[in-house]
$ cat my_file_10.txt   # compact mmCIF, C-alpha atoms
# COMPACT_ATOMS: atom_id res chain seq x y z
CA MET W 197 29.07 6.02 18.66
CA ALA W 198 27.83 4.47 21.85
CA ARG W 199 25.93 1.95 19.71
CA SER W 200 29.16 0.23 18.64
CA ARG W 201 29.78 -0.97 22.19
CA LEU W 202 27.06 -3.63 21.83
CA THR W 203 28.21 -7.06 20.74
CA PRO W 204 26.53 -8.32 17.54
CA GLU W 205 24.79 -11.05 19.59
CA ARG W 206 23.41 -8.52 22.07
CA GLU W 207 22.29 -6.26 19.24
CA ALA W 208 20.43 -9.14 17.52
CA GLU W 209 18.82 -10.11 20.82
CA LEU W 210 17.69 -6.54 21.54
CA TYR W 211 16.25 -5.94 18.08
CA GLY W 212 14.52 -9.32 18.15
CA ALA W 213 12.86 -8.46 21.47
CA VAL W 214 11.69 -5.10 20.13
CA LEU W 215 10.06 -6.77 17.11
CA ASP W 216 8.46 -9.46 19.29
CA LEU W 217 6.93 -6.77 21.50
CA LEU W 218 5.83 -4.80 18.47
CA ARG W 219 3.99 -7.86 17.13
CA GLU W 220 2.40 -8.47 20.53
CA VAL W 221 1.14 -4.98 21.44
CA GLY W 222 1.56 -2.70 18.39
CA TYR W 223 3.50 0.53 18.11
CA ASP W 224 1.27 2.82 20.15
CA ALA W 225 1.13 0.53 23.19
CA LEU W 226 4.85 -0.27 23.04
CA THR W 227 6.78 1.46 25.83
CA MET W 228 10.50 1.89 26.50
CA ASP W 229 9.76 0.40 29.96
CA ALA W 230 8.47 -2.81 28.38
CA ILE W 231 11.49 -3.01 26.07
CA ALA W 232 13.85 -2.44 29.03
CA ALA W 233 12.11 -5.18 31.05
CA ARG W 234 12.04 -7.68 28.18
CA THR W 235 15.71 -7.11 27.28
CA ARG W 236 16.98 -6.73 30.86
CA SER W 237 18.36 -3.28 30.05
CA SER W 238 17.89 0.04 31.81
CA LYS W 239 15.74 2.65 30.11
CA ALA W 240 18.71 5.03 30.39
CA THR W 241 20.80 2.61 28.30
CA LEU W 242 18.09 2.33 25.65
CA TYR W 243 17.76 6.11 25.37
CA ARG W 244 21.56 6.57 25.29
CA GLN W 245 21.95 3.97 22.54
CA TRP W 246 18.95 4.83 20.35
CA GLY W 247 17.73 8.26 21.43
CA SER W 248 14.01 7.51 21.08
CA LYS W 249 11.36 4.85 20.63
CA PRO W 250 10.81 5.60 16.90
CA GLU W 251 14.54 5.29 16.17
CA LEU W 252 14.84 2.02 18.12
CA VAL W 253 11.80 0.54 16.36
CA VAL W 254 12.94 1.51 12.88
CA ARG W 255 16.52 0.29 13.50
CA ALA W 256 15.07 -3.04 14.63
CA MET W 257 13.00 -3.22 11.42
CA ARG W 258 16.04 -2.36 9.33
CA TYR W 259 18.25 -4.88 11.13
CA ASN W 260 15.67 -7.54 10.34
CA LYS W 261 15.38 -6.71 6.66
CA PRO W 262 16.30 -9.79 4.61
CA VAL W 263 17.60 -8.00 1.52
CA HIS W 264 20.06 -5.14 1.46
CA THR W 265 20.24 -3.97 -2.14
CA ASP W 266 23.62 -2.30 -1.61
CA GLN W 267 25.18 -5.74 -1.25
CA ILE W 268 23.96 -6.85 -4.68
CA ASP W 269 25.98 -6.40 -7.89
CA THR W 270 25.73 -9.28 -10.35
CA GLY W 271 26.71 -7.42 -13.54
CA SER W 272 23.23 -7.18 -15.11
CA LEU W 273 19.97 -5.54 -14.06
CA ARG W 274 18.00 -8.74 -14.51
CA GLY W 275 20.63 -10.59 -12.45
CA ASP W 276 20.45 -7.96 -9.70
CA PHE W 277 16.64 -8.15 -9.55
CA HIS W 278 16.70 -11.92 -9.38
CA ALA W 279 19.36 -11.76 -6.65
CA ILE W 280 16.89 -9.66 -4.65
CA VAL W 281 14.25 -12.33 -5.25
CA GLY W 282 16.69 -15.11 -4.27
CA ARG W 283 17.39 -13.48 -0.92
CA THR W 284 13.72 -13.07 -0.10
CA ASP W 285 12.71 -15.54 2.56
CA ASP W 286 9.05 -16.58 2.15
CA CYS W 287 8.61 -17.41 5.85
CA ARG W 288 10.06 -14.10 6.90
CA VAL W 289 7.82 -12.17 4.53
CA GLU W 290 4.83 -13.71 6.29
CA LYS W 291 6.11 -12.85 9.75
CA ASP W 292 7.08 -9.28 8.82
CA SER W 293 3.99 -8.45 6.85
CA ALA W 294 1.67 -7.90 9.82
CA LEU W 295 4.43 -5.92 11.52
CA MET W 296 4.88 -3.61 8.56
CA ARG W 297 1.11 -3.16 8.19
CA GLY W 298 0.77 -2.08 11.81
CA LEU W 299 3.73 0.26 11.47
CA MET W 300 2.37 1.81 8.26
CA HIS W 301 -0.74 2.71 10.18
CA ALA W 302 1.19 4.16 13.13
CA VAL W 303 3.39 6.23 10.81
CA HIS W 304 0.49 8.50 9.94
CA ASP W 305 -0.27 9.42 13.53
CA ASN W 306 3.36 9.78 14.68
CA PRO W 307 5.44 12.32 12.76
CA ASP W 308 8.63 11.30 14.62
CA LEU W 309 8.09 7.67 13.59
CA TYR W 310 7.45 8.80 10.00
CA GLN W 311 10.72 10.73 10.03
CA ALA W 312 12.76 7.84 11.46
CA PHE W 313 11.09 5.44 9.05
CA HIS W 314 11.95 7.66 6.14
CA GLU W 315 15.54 8.44 7.13
CA LEU W 316 16.57 4.99 8.31
CA LEU W 317 14.57 2.65 6.10
CA ILE W 318 13.09 4.26 2.96
CA GLU W 319 15.99 6.54 2.03
CA PRO W 320 18.79 3.93 2.36
CA GLU W 321 16.61 1.50 0.38
CA MET W 322 16.03 4.09 -2.33
CA ARG W 323 19.76 4.95 -2.47
CA GLY W 324 20.60 1.23 -2.84
CA LEU W 325 18.10 0.84 -5.67
CA GLN W 326 19.30 4.03 -7.34
CA GLU W 327 22.92 2.78 -7.32
CA LEU W 328 21.80 -0.54 -8.76
CA LEU W 329 19.88 1.31 -11.51
CA GLN W 330 22.75 3.74 -12.11
CA ARG W 331 25.05 0.80 -12.83
CA ALA W 332 22.47 -0.47 -15.36
CA VAL W 333 22.46 2.99 -16.98
CA ASP W 334 26.30 3.05 -16.99
CA ARG W 335 26.37 -0.39 -18.66
CA GLY W 336 23.95 0.89 -21.32
CA GLU W 337 21.13 -1.47 -20.27
CA VAL W 338 18.72 1.37 -19.39
CA ALA W 339 18.50 4.78 -21.05
CA ALA W 340 19.56 7.56 -18.67
CA ASP W 341 16.34 9.43 -19.42
CA ASN W 342 13.99 6.43 -19.12
CA PRO W 343 10.85 7.97 -17.58
CA ALA W 344 10.16 4.90 -15.38
CA LEU W 345 13.41 5.33 -13.39
CA PRO W 346 11.86 7.62 -10.73
CA TYR W 347 9.04 5.11 -10.18
CA ILE W 348 10.98 1.98 -9.27
CA MET W 349 9.92 2.15 -5.61
CA HIS W 350 6.30 2.74 -6.58
CA MET W 351 6.33 -0.39 -8.73
CA LEU W 352 7.86 -2.47 -5.95
CA VAL W 353 5.62 -1.16 -3.17
CA GLY W 354 2.67 -1.91 -5.45
CA ALA W 355 3.75 -5.52 -5.76
CA PHE W 356 3.82 -5.98 -1.99
CA VAL W 357 0.73 -4.03 -1.00
CA ALA W 358 -1.54 -4.97 -3.89
CA ARG W 359 -0.97 -8.70 -3.71
CA GLN W 360 -2.31 -8.71 -0.18
CA LEU W 361 -5.16 -6.36 -0.98
CA ILE W 362 -6.28 -7.98 -4.23
CA GLU W 363 -5.37 -11.62 -3.83
CA ASP W 364 -5.27 -11.85 -0.02
CA ARG W 365 -1.87 -13.49 -0.43
CA LEU W 366 1.60 -12.42 0.57
CA VAL W 367 4.39 -11.81 -1.86
CA ASP W 368 6.61 -14.85 -2.38
CA ARG W 369 9.65 -15.51 -4.53
CA ALA W 370 7.73 -16.84 -7.54
CA PHE W 371 5.44 -13.81 -7.58
CA LEU W 372 8.31 -11.35 -7.19
CA ALA W 373 10.35 -12.98 -9.97
CA SER W 374 7.35 -12.88 -12.31
CA TYR W 375 6.58 -9.24 -11.42
CA PHE W 376 10.16 -8.11 -12.11
CA ASP W 377 10.11 -9.82 -15.52
CA ALA W 378 6.57 -8.78 -16.51
CA VAL W 379 6.43 -5.21 -15.18
CA VAL W 380 9.65 -3.67 -13.88
CA LEU W 381 12.12 -4.70 -16.58
CA PRO W 382 9.75 -3.93 -19.52
CA ALA W 383 8.87 -0.54 -18.01
CA LEU W 384 12.63 0.17 -17.90
CA GLY W 385 12.95 -0.95 -21.53
CA VAL W 386 15.02 -4.05 -20.64
CA MET T 1259 -34.39 -4.92 -4.16
CA ALA T 1260 -35.47 -2.90 -1.15
CA ARG T 1261 -32.53 -0.59 -1.80
CA SER T 1262 -34.17 0.82 -4.92
CA ARG T 1263 -36.94 2.42 -2.84
CA LEU T 1264 -34.56 5.16 -1.69
CA THR T 1265 -34.54 8.37 -3.71
CA PRO T 1266 -31.13 9.27 -5.16
CA GLU T 1267 -31.00 12.32 -2.88
CA ARG T 1268 -31.68 10.22 0.21
CA GLU T 1269 -29.10 7.67 -0.88
CA ALA T 1270 -26.46 10.38 -1.34
CA GLU T 1271 -27.33 11.82 2.06
CA LEU T 1272 -27.10 8.44 3.80
CA TYR T 1273 -23.79 7.48 2.24
CA GLY T 1274 -22.37 10.94 2.96
CA ALA T 1275 -23.31 10.59 6.63
CA VAL T 1276 -21.71 7.14 6.83
CA LEU T 1277 -18.44 8.49 5.42
CA ASP T 1278 -18.52 11.51 7.72
CA LEU T 1279 -18.94 9.22 10.73
CA LEU T 1280 -16.22 6.93 9.44
CA ARG T 1281 -13.81 9.86 9.23
CA GLU T 1282 -14.79 10.97 12.72
CA VAL T 1283 -14.59 7.73 14.68
CA GLY T 1284 -13.04 5.05 12.43
CA TYR T 1285 -14.48 1.70 11.38
CA ASP T 1286 -14.22 -0.18 14.66
CA ALA T 1287 -15.98 2.49 16.72
CA LEU T 1288 -18.66 3.09 14.09
CA THR T 1289 -22.05 1.66 15.13
CA MET T 1290 -25.31 1.16 13.28
CA ASP T 1291 -26.91 3.11 16.16
CA ALA T 1292 -24.75 6.13 15.39
CA ILE T 1293 -25.54 5.89 11.68
CA ALA T 1294 -29.27 5.60 12.44
CA ALA T 1295 -29.13 8.65 14.72
CA ARG T 1296 -27.10 10.75 12.28
CA THR T 1297 -29.31 9.90 9.32
CA ARG T 1298 -32.62 9.94 11.20
CA SER T 1299 -33.32 6.34 10.16
CA SER T 1300 -34.29 3.33 12.20
CA LYS T 1301 -31.69 0.61 12.67
CA ALA T 1302 -34.21 -1.86 11.27
CA THR T 1303 -34.31 0.15 8.03
CA LEU T 1304 -30.52 0.20 7.76
CA TYR T 1305 -30.27 -3.56 8.27
CA ARG T 1306 -33.11 -4.20 5.80
CA GLN T 1307 -31.50 -2.01 3.15
CA TRP T 1308 -27.84 -3.02 3.60
CA GLY T 1309 -27.78 -6.19 5.63
CA SER T 1310 -24.71 -5.33 7.70
CA LYS T 1311 -22.27 -2.63 8.72
CA PRO T 1312 -19.48 -3.84 6.39
CA GLU T 1313 -21.79 -3.80 3.38
CA LEU T 1314 -23.14 -0.35 4.21
CA VAL T 1315 -19.63 1.06 4.68
CA VAL T 1316 -18.27 -0.43 1.46
CA ARG T 1317 -21.32 0.69 -0.56
CA ALA T 1318 -20.79 4.20 0.80
CA MET T 1319 -17.13 4.07 -0.30
CA ARG T 1320 -18.13 2.79 -3.72
CA TYR T 1321 -20.85 5.41 -4.14
CA ASN T 1322 -18.26 8.07 -3.40
CA LYS T 1323 -15.67 6.76 -5.89
CA PRO T 1324 -14.90 9.51 -8.40
CA VAL T 1325 -13.94 7.24 -11.34
CA HIS T 1326 -15.91 4.28 -12.60
CA THR T 1327 -13.76 2.65 -15.26
CA ASP T 1328 -16.74 0.88 -16.83
CA GLN T 1329 -18.01 4.27 -18.03
CA ILE T 1330 -14.79 4.98 -19.95
CA ASP T 1331 -14.26 4.00 -23.62
CA THR T 1332 -12.33 6.55 -25.69
CA GLY T 1333 -11.09 4.22 -28.44
CA SER T 1334 -7.45 3.97 -27.34
CA LEU T 1335 -5.73 2.65 -24.21
CA ARG T 1336 -3.79 5.85 -23.68
CA GLY T 1337 -7.03 7.81 -24.10
CA ASP T 1338 -8.82 5.59 -21.58
CA PHE T 1339 -6.02 6.00 -19.01
CA HIS T 1340 -5.98 9.74 -19.43
CA ALA T 1341 -9.78 9.80 -19.10
CA ILE T 1342 -9.30 8.11 -15.71
CA VAL T 1343 -6.78 10.82 -14.81
CA GLY T 1344 -9.13 13.55 -16.03
CA ARG T 1345 -11.93 12.35 -13.75
CA THR T 1346 -9.68 12.24 -10.70
CA ASP T 1347 -10.53 15.08 -8.36
CA ASP T 1348 -7.44 16.26 -6.44
CA CYS T 1349 -9.46 17.59 -3.48
CA ARG T 1350 -11.43 14.40 -3.20
CA VAL T 1351 -8.27 12.27 -3.25
CA GLU T 1352 -7.08 14.17 -0.21
CA LYS T 1353 -10.35 13.73 1.66
CA ASP T 1354 -10.66 10.03 0.83
CA SER T 1355 -7.08 9.06 1.48
CA ALA T 1356 -7.29 9.03 5.28
CA LEU T 1357 -10.57 7.16 5.02
CA MET T 1358 -9.10 4.46 2.80
CA ARG T 1359 -6.03 4.12 5.03
CA GLY T 1360 -8.18 3.55 8.11
CA LEU T 1361 -10.32 1.07 6.23
CA MET T 1362 -7.28 -0.84 4.90
CA HIS T 1363 -6.23 -1.34 8.48
CA ALA T 1364 -9.68 -2.47 9.63
CA VAL T 1365 -9.92 -4.92 6.72
CA HIS T 1366 -7.27 -7.13 8.26
CA ASP T 1367 -9.09 -7.53 11.56
CA ASN T 1368 -12.60 -7.92 10.10
CA PRO T 1369 -13.07 -10.79 7.64
CA ASP T 1370 -16.62 -9.69 6.82
CA LEU T 1371 -15.35 -6.21 5.93
CA TYR T 1372 -12.60 -7.77 3.81
CA GLN T 1373 -15.20 -9.83 1.95
CA ALA T 1374 -17.53 -6.88 1.32
CA PHE T 1375 -14.57 -4.73 0.30
CA HIS T 1376 -13.44 -7.37 -2.14
CA GLU T 1377 -16.85 -8.18 -3.64
CA LEU T 1378 -18.23 -4.66 -3.86
CA LEU T 1379 -15.15 -2.54 -4.54
CA ILE T 1380 -12.07 -4.46 -5.71
CA GLU T 1381 -13.77 -6.99 -7.99
CA PRO T 1382 -15.97 -4.52 -9.91
CA GLU T 1383 -12.93 -2.26 -10.30
CA MET T 1384 -10.84 -5.14 -11.64
CA ARG T 1385 -13.62 -6.17 -14.03
CA GLY T 1386 -13.83 -2.59 -15.34
CA LEU T 1387 -10.09 -2.47 -15.90
CA GLN T 1388 -10.07 -5.90 -17.50
CA GLU T 1389 -12.75 -4.85 -19.99
CA LEU T 1390 -10.81 -1.70 -20.78
CA LEU T 1391 -7.66 -3.80 -21.36
CA GLN T 1392 -9.55 -6.42 -23.36
CA ARG T 1393 -10.70 -3.71 -25.76
CA ALA T 1394 -7.04 -2.67 -26.16
CA VAL T 1395 -6.15 -6.30 -26.92
CA ASP T 1396 -9.06 -6.55 -29.41
CA ARG T 1397 -7.87 -3.38 -31.14
CA GLY T 1398 -4.38 -4.89 -31.41
CA GLU T 1399 -2.78 -2.27 -29.10
CA VAL T 1400 -1.67 -4.83 -26.49
CA ALA T 1401 -0.59 -8.43 -27.15
CA ALA T 1402 -3.07 -10.91 -25.69
CA ASP T 1403 -0.22 -12.71 -23.91
CA ASN T 1404 1.50 -9.58 -22.57
CA PRO T 1405 2.80 -10.73 -19.15
CA ALA T 1406 2.06 -7.37 -17.48
CA LEU T 1407 -1.71 -7.69 -18.05
CA PRO T 1408 -2.40 -9.54 -14.75
CA TYR T 1409 -0.49 -6.85 -12.83
CA ILE T 1410 -2.40 -3.74 -13.82
CA MET T 1411 -3.99 -3.37 -10.36
CA HIS T 1412 -0.63 -3.88 -8.65
CA MET T 1413 0.89 -1.08 -10.68
CA LEU T 1414 -1.99 1.27 -9.89
CA VAL T 1415 -2.16 0.44 -6.19
CA GLY T 1416 1.61 1.04 -6.05
CA ALA T 1417 1.18 4.51 -7.47
CA PHE T 1418 -1.31 5.46 -4.76
CA VAL T 1419 0.30 3.80 -1.75
CA ALA T 1420 3.94 4.48 -2.55
CA ARG T 1421 3.56 8.14 -3.27
CA GLN T 1422 2.29 8.70 0.23
CA LEU T 1423 4.86 6.40 1.79
CA ILE T 1424 7.89 7.65 -0.11
CA GLU T 1425 7.14 11.25 -0.88
CA ASP T 1426 4.58 11.96 1.87
CA ARG T 1427 2.35 13.37 -0.87
CA LEU T 1428 -0.98 12.28 -2.22
CA VAL T 1429 -1.53 11.23 -5.78
CA ASP T 1430 -2.73 14.06 -8.01
CA ARG T 1431 -3.63 14.29 -11.67
CA ALA T 1432 -0.15 15.29 -12.86
CA PHE T 1433 1.48 12.40 -11.01
CA LEU T 1434 -1.07 9.87 -12.27
CA ALA T 1435 -0.73 11.03 -15.89
CA SER T 1436 3.06 10.77 -15.67
CA TYR T 1437 2.90 7.32 -14.02
CA PHE T 1438 0.57 5.93 -16.72
CA ASP T 1439 2.90 7.19 -19.46
CA ALA T 1440 6.17 6.18 -17.79
CA VAL T 1441 5.25 2.84 -16.22
CA VAL T 1442 1.88 1.32 -17.13
CA LEU T 1443 1.83 1.89 -20.91
CA PRO T 1444 5.49 0.84 -21.46
CA ALA T 1445 5.01 -2.29 -19.31
CA LEU T 1446 2.05 -3.15 -21.57
CA GLY T 1447 4.21 -2.54 -24.64
CA VAL T 1448 2.21 0.54 -25.76
$ encode --input "my_file_10.txt" --output "structure tokens"
Amino acid sequence: MARSRLTPEREAELYGAVLDLLREVGYDALTMDAIAARTRSSKATLYRQWGSKPELVVRAMRYNKPVHTDQIDTGSLRGDFHAIVGRTDDCRVEKDSALMRGLMHAVHDNPDLYQAFHELLIEPEMRGLQELLQRAVDRGEVAADNPALPYIMHMLVGAFVARQLIEDRLVDRAFLASYFDAVVLPALGV
Amino acid sequence: MARSRLTPEREAELYGAVLDLLREVGYDALTMDAIAARTRSSKATLYRQWGSKPELVVRAMRYNKPVHTDQIDTGSLRGDFHAIVGRTDDCRVEKDSALMRGLMHAVHDNPDLYQAFHELLIEPEMRGLQELLQRAVDRGEVAADNPALPYIMHMLVGAFVARQLIEDRLVDRAFLASYFDAVVLPALGV
């Protein structure tokens, strides 16, 4: 892949610039020209490396994600959940929250952004969580037919969205830890 | 209150027109002038009756809400939850979903809309749910110190938001019934 020719430093710099621009102008007003100017790249390079604006934006979001569930395997479901909490960076949550909110809105008007968002961010996240849950099933911690298993993402999304909506506060580590223990683990019978 | 001088038919007509306009132009572009013109009212009347655009918009949303939890009391928690499901109108969910999404976005840029939204929609909804849960505690169905009790709204908001985000589908009765049985009741120990 052409993408592999970037150094890790250059990749971080590029993705950082994309997210900065996204915060400044929003998805709809963001242009490949502006990204090229800000990152001192040519538009041709951007299109060769990422194919399209939605793909570049979603890869930048994914690169910036603090927790990658596929890197977590502590030996117990509760341990895995609390490892996710431990890697959550409260400052970053604050910075990314407005970004994600703007993107969620744009997703509904841009089918190509929705598709990239789904393929590159939601689906890998769901696969990571499903592997983590499958190991809990294999260890006998969760029944294979537990009816809450398909709803793990719904429970987690609820935690993030509802806290802001109801309490006007962002998710932080203490909240997430409490939510896992009070809602997610009991729903899974753990 | 001045509001009580409206006939129920006129109130329904006014709120319907507000929601139609909201769907057409969005919150930011919606003006009291446009509402006055569409409803053949004077702007002075609108301001006297509702005080402000945010309050009028949120009251219209609330008027349109299909389920009012404070009207539900079946004698069991599972019965109450399934009564909520039974009153959910699949067609209306579809119509209201875009509206709510637009409003959620506007809420973040308009503190007065956030406040009206919170006072007139979220708080009454939470009080209704809390009464419903308190009855379950009083009946001995749910332990008074069950740690999932403060998270009931988070679980429900998750069901609505995540289904659209993850599955690109709106919540319907079958999904809601399954989610209550698989997630909410087990988390509450029922």
$ interface_residues --input "my_file_10.txt" --of "chain T" --to "chain W" --cutoff "7 Å" --atoms "only C-alpha atoms" --output "ChimeraX atom specification"
/T:1380,1405-1406,1412-1413,1415-1417,1420-1421,1424,1440-1441,1444-1445
$ write_last_selection --input "my_file_10.txt" --atoms "C-alpha atoms" --output "PDB file, in the coordinates of the input"
ATOM      1  CA  ILE T1380     -12.070  -4.460  -5.710  1.00  0.00           C
ATOM      2  CA  PRO T1405       2.800 -10.730 -19.150  1.00  0.00           C
ATOM      3  CA  ALA T1406       2.060  -7.370 -17.480  1.00  0.00           C
ATOM      4  CA  HIS T1412      -0.630  -3.880  -8.650  1.00  0.00           C
ATOM      5  CA  MET T1413       0.890  -1.080 -10.680  1.00  0.00           C
ATOM      6  CA  VAL T1415      -2.160   0.440  -6.190  1.00  0.00           C
ATOM      7  CA  GLY T1416       1.610   1.040  -6.050  1.00  0.00           C
ATOM      8  CA  ALA T1417       1.180   4.510  -7.470  1.00  0.00           C
ATOM      9  CA  ALA T1420       3.940   4.480  -2.550  1.00  0.00           C
ATOM     10  CA  ARG T1421       3.560   8.140  -3.270  1.00  0.00           C
ATOM     11  CA  ILE T1424       7.890   7.650  -0.110  1.00  0.00           C
ATOM     12  CA  ALA T1440       6.170   6.180 -17.790  1.00  0.00           C
ATOM     13  CA  VAL T1441       5.250   2.840 -16.220  1.00  0.00           C
ATOM     14  CA  PRO T1444       5.490   0.840 -21.460  1.00  0.00           C
ATOM     15  CA  ALA T1445       5.010  -2.290 -19.310  1.00  0.00           C
TER      16      ALA T1445
END
$ atom_distance --input "my_file_10.txt" --atom1 "atom CA of Pro1369 of chain T" --atom2 "atom CA of Leu1314 of chain T"
14.9 Å
$ residues_around --input "my_file_10.txt" --residues "Leu1277 of chain T" --least-positions-apart "4" --cutoff "7 Å" --atoms "all atoms listed in the file" --output "PDB file with C-alpha atoms, in the frame of the given file"
ATOM      1  CA  TYR T1273     -23.790   7.480   2.240  1.00  0.00           C
ATOM      2  CA  ARG T1281     -13.810   9.860   9.230  1.00  0.00           C
ATOM      3  CA  ALA T1318     -20.790   4.200   0.800  1.00  0.00           C
TER       4      ALA T1318
END
$ atom_distance --input "my_file_10.txt" --atom1 "atom CA of Gly1333 of chain T" --atom2 "atom CA of Glu1377 of chain T"
28.3 Å
$ atom_distance --input "my_file_10.txt" --atom1 "atom CA of Asp1347 of chain T" --atom2 "atom CA of Ala1432 of chain T"
11.3 Å
$ closest_residue --input "my_file_10.txt" --among "W:Leu325, W:Gln245, W:Thr227, W:Arg255" --to "Ile280 of chain W" --atoms "all atoms listed in the file"
W:Leu325
$ closest_residue --input "my_file_10.txt" --among "T:Leu1371, T:Leu1304, T:Ala1275, T:Leu1434" --to "Asn1322 of chain T" --atoms "all atoms listed in the file"
T:Ala1275
$ residues_around --input "my_file_10.txt" --residues "Glu1282 of chain T" --least-positions-apart "6" --cutoff "10 Å" --atoms "all atoms listed in the file" --output "ChimeraX atom specification"
/T:1276,1288,1357
$ residues_near_point --input "my_file_10.txt" --point "(-8.2, 1.2, -26.9)" --cutoff "7 Å" --atoms "all atoms listed in the file" --output "number ranges by chain"
T: 1332-1335, 1338, 1393-1394, 1397, 1399
$ decode --input "my_file_10.txt" --residues "segment 1335-1346 of chain T" --atoms "N, CA, C and O atoms" --output "short mmCIF file (atom, residue, chain, number, x, y, z; two decimals), in the first residue's frame"
data_model
loop_
_atom_site.label_atom_id
_atom_site.label_comp_id
_atom_site.auth_asym_id
_atom_site.auth_seq_id
_atom_site.Cartn_x
_atom_site.Cartn_y
_atom_site.Cartn_z
N LEU T 1335 -42.63 -4.09 37.03
CA LEU T 1335 -41.66 -3.32 36.24
C LEU T 1335 -41.63 -3.80 34.80
O LEU T 1335 -41.62 -3.00 33.87
N ARG T 1336 -41.64 -5.13 34.63
CA ARG T 1336 -41.63 -5.66 33.27
C ARG T 1336 -42.89 -5.20 32.53
O ARG T 1336 -42.84 -4.82 31.35
N GLY T 1337 -44.03 -5.21 33.22
CA GLY T 1337 -45.27 -4.74 32.61
C GLY T 1337 -45.19 -3.27 32.22
O GLY T 1337 -45.63 -2.88 31.14
N ASP T 1338 -44.62 -2.46 33.09
CA ASP T 1338 -44.47 -1.02 32.80
C ASP T 1338 -43.58 -0.81 31.57
O ASP T 1338 -43.90 -0.02 30.68
N PHE T 1339 -42.44 -1.52 31.52
CA PHE T 1339 -41.54 -1.37 30.38
C PHE T 1339 -42.23 -1.80 29.08
O PHE T 1339 -42.13 -1.12 28.06
N HIS T 1340 -42.97 -2.90 29.15
CA HIS T 1340 -43.62 -3.34 27.92
C HIS T 1340 -44.81 -2.45 27.55
O HIS T 1340 -45.17 -2.36 26.38
N ALA T 1341 -45.36 -1.75 28.53
CA ALA T 1341 -46.39 -0.75 28.21
C ALA T 1341 -45.76 0.43 27.46
O ALA T 1341 -46.36 0.99 26.53
N ILE T 1342 -44.53 0.79 27.85
CA ILE T 1342 -43.82 1.84 27.10
C ILE T 1342 -43.60 1.38 25.66
O ILE T 1342 -43.87 2.12 24.71
N VAL T 1343 -43.16 0.15 25.51
CA VAL T 1343 -42.95 -0.41 24.16
C VAL T 1343 -44.24 -0.38 23.37
O VAL T 1343 -44.28 0.05 22.21
N GLY T 1344 -45.34 -0.80 24.02
CA GLY T 1344 -46.63 -0.90 23.33
C GLY T 1344 -47.14 0.44 22.83
O GLY T 1344 -47.86 0.51 21.84
N ARG T 1345 -46.75 1.51 23.52
CA ARG T 1345 -47.22 2.84 23.10
C ARG T 1345 -46.30 3.49 22.08
O ARG T 1345 -46.56 4.59 21.61
N THR T 1346 -45.18 2.84 21.78
CA THR T 1346 -44.24 3.38 20.80
C THR T 1346 -44.79 3.13 19.40
O THR T 1346 -45.18 2.02 19.06
#
